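Engineer: I'd like to ask some things about the structure below.
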Amino acid sequence: MQPDTPANTKSTGAPPGIRHQLGATFGAAKRLGRAHVDLAKAEAGEIVGEVRRMVLLLGVALGLLFGTGILILVGLPLFLAEWLLGSIGWGVLLGTFLLLDLALVTVLVAIGASGGRQALGLIVGVVVAVAVDLALATWTGLPRTVDAALGIWLGLIAWPIVTGIGVARGGFDGEALKQRFIPDQTIELTKETIEWVRARTPLVPKS
């Protein structure tokens, strides 16, 4: 008896054997699985490409926003100095001191320094700026813009000095700063849980 082959099946008209059917089914399933894998790879490649494109464009957008912020931080003091004080040089000087003062205030806020003492420093700085401006305008023959620029400059110098003195005199609570980074509630809850387990665990008799 001859085995079932495609030639015999075609010549005799008999239905294909079980082995042939299983082989054909397995081959079809294999081809179908490979097609699914290839399709998944192609779609994954497209998705990765879209993600890369989106990340690139978002990076460009963030870079432009960062550049805009730098342009404002640098250009605004220069523009105001040129407009109000008649010199871009005053914008560089006053803008530098202003940014340094703001950086100091940001650090003090971060470490929990008293807001009242920082506000006092700002108020003293404003008072110094106005007083110097009026004094120079009254007792010197300097141009009005120079009087104002010098007053603002000295006010920006007085602001951090007075703030630092106030924070130093008031004392800095380092313990409070440390407690901000210690999970007290979690520690207490853990202790209570341990005590609860101990209270309900029978003691093992010693042998």
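Each chain in the structure tokens gets a letter, A, B, ..., in the order shown, and its residues are numbered from 1; ligands are numbered from 1 in order too.
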Please provide as a PyMOL selection string all residues within 8 Å of range 142-156 of chain A, with the sequence filter that same-chain residues fewer than 2 positions apart are discarded (counting only C-alpha atoms).
Structural biologist: chain A and resi 84-86+90+93-94+97-98+101+124-134+136-137+140+158-160
Engineer: Please produce a file of those selected residues containing C-alpha atoms, as a PDB file, in the first residue's frame.
Structural biologist:
```
ATOM      1  CA  LEU A  84      13.998 104.351  32.296  1.00  0.00           C
ATOM      2  CA  LEU A  85      17.670 104.934  33.112  1.00  0.00           C
ATOM      3  CA  GLY A  86      19.085 105.677  29.683  1.00  0.00           C
ATOM      4  CA  TRP A  90      22.530  99.746  34.411  1.00  0.00           C
ATOM      5  CA  LEU A  93      24.245  95.609  36.843  1.00  0.00           C
ATOM      6  CA  LEU A  94      20.806  95.895  38.411  1.00  0.00           C
ATOM      7  CA  PHE A  97      21.915  91.934  41.629  1.00  0.00           C
ATOM      8  CA  LEU A  98      18.159  91.350  41.364  1.00  0.00           C
ATOM      9  CA  ASP A 101      18.724  88.497  45.556  1.00  0.00           C
ATOM     10  CA  VAL A 124      14.396  97.973  54.112  1.00  0.00           C
ATOM     11  CA  GLY A 125      15.816  97.604  50.607  1.00  0.00           C
ATOM     12  CA  VAL A 126      12.985  99.657  49.135  1.00  0.00           C
ATOM     13  CA  VAL A 127      13.387 102.320  51.821  1.00  0.00           C
ATOM     14  CA  VAL A 128      17.138 102.503  51.175  1.00  0.00           C
ATOM     15  CA  ALA A 129      16.570 102.808  47.423  1.00  0.00           C
ATOM     16  CA  VAL A 130      14.083 105.668  47.836  1.00  0.00           C
ATOM     17  CA  ALA A 131      16.184 107.443  50.488  1.00  0.00           C
ATOM     18  CA  VAL A 132      19.372 107.294  48.432  1.00  0.00           C
ATOM     19  CA  ASP A 133      17.533 108.465  45.335  1.00  0.00           C
ATOM     20  CA  LEU A 134      16.058 111.470  47.166  1.00  0.00           C
ATOM     21  CA  LEU A 136      21.346 112.209  45.644  1.00  0.00           C
ATOM     22  CA  ALA A 137      18.699 114.235  43.847  1.00  0.00           C
ATOM     23  CA  THR A 140      24.226 116.249  44.141  1.00  0.00           C
ATOM     24  CA  ALA A 158      20.707  96.217  51.376  1.00  0.00           C
ATOM     25  CA  TRP A 159      17.907  93.701  50.784  1.00  0.00           C
ATOM     26  CA  PRO A 160      19.973  90.458  51.160  1.00  0.00           C
TER      27      PRO A 160
END
```
Engineer: Might you pull out every residue within 12 Å of Arg117 in chain A, with only C-alpha atoms counted and same-chain residues fewer than 5 positions away left off, and present them as a ChimeraX atom specification?
Structural biologist: /A:105,108-109,112,122-124,159-172
Engineer: For the residues selected in the previous step, produce a file with C-alpha atoms as an mmCIF file, in the first residue's frame.
Structural biologist:
```
data_model
loop_
_atom_site.group_PDB
_atom_site.id
_atom_site.type_symbol
_atom_site.label_atom_id
_atom_site.label_comp_id
_atom_site.auth_asym_id
_atom_site.auth_seq_id
_atom_site.Cartn_x
_atom_site.Cartn_y
_atom_site.Cartn_z
ATOM 1 C CA VAL A 105 15.339 84.391 48.815
ATOM 2 C CA LEU A 108 15.860 80.777 52.325
ATOM 3 C CA VAL A 109 12.301 79.767 51.469
ATOM 4 C CA GLY A 112 12.243 77.241 55.896
ATOM 5 C CA LEU A 122 12.735 93.697 51.159
ATOM 6 C CA ILE A 123 11.054 96.647 52.873
ATOM 7 C CA VAL A 124 14.396 97.973 54.112
ATOM 8 C CA TRP A 159 17.907 93.701 50.784
ATOM 9 C CA PRO A 160 19.973 90.458 51.160
ATOM 10 C CA ILE A 161 22.184 91.960 53.884
ATOM 11 C CA VAL A 162 19.241 92.881 56.102
ATOM 12 C CA THR A 163 17.543 89.566 55.348
ATOM 13 C CA GLY A 164 20.662 87.592 56.272
ATOM 14 C CA ILE A 165 21.124 89.531 59.504
ATOM 15 C CA GLY A 166 17.477 88.984 60.429
ATOM 16 C CA VAL A 167 17.617 85.237 59.774
ATOM 17 C CA ALA A 168 20.899 84.946 61.708
ATOM 18 C CA ARG A 169 19.553 86.855 64.705
ATOM 19 C CA GLY A 170 16.338 84.916 64.733
ATOM 20 C CA GLY A 171 18.254 81.673 64.725
ATOM 21 C CA PHE A 172 17.866 78.892 62.234
#
```
Engineer: Between A:Val55, A:Thr190, A:Leu104, A:Val197, single out the one closest to Gly121 in chain A, counting only C-alpha atoms.
Structural biologist: A:Leu104
Engineer: Measuring atom to atom with only C-alpha atoms, identify which of A:Ala44, A:Ile111, A:Ile194, A:Ala199 is nearest to Phe181 in chain A.
Structural biologist: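 Closest candidate: A:Ile111.
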Engineer: Report, in Å to a single decimal, how far apart CA of Glu43 in chain A and CA of Ala24 in chain A are.
Structural biologist: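 These two atoms are separated by 28.3 Å.
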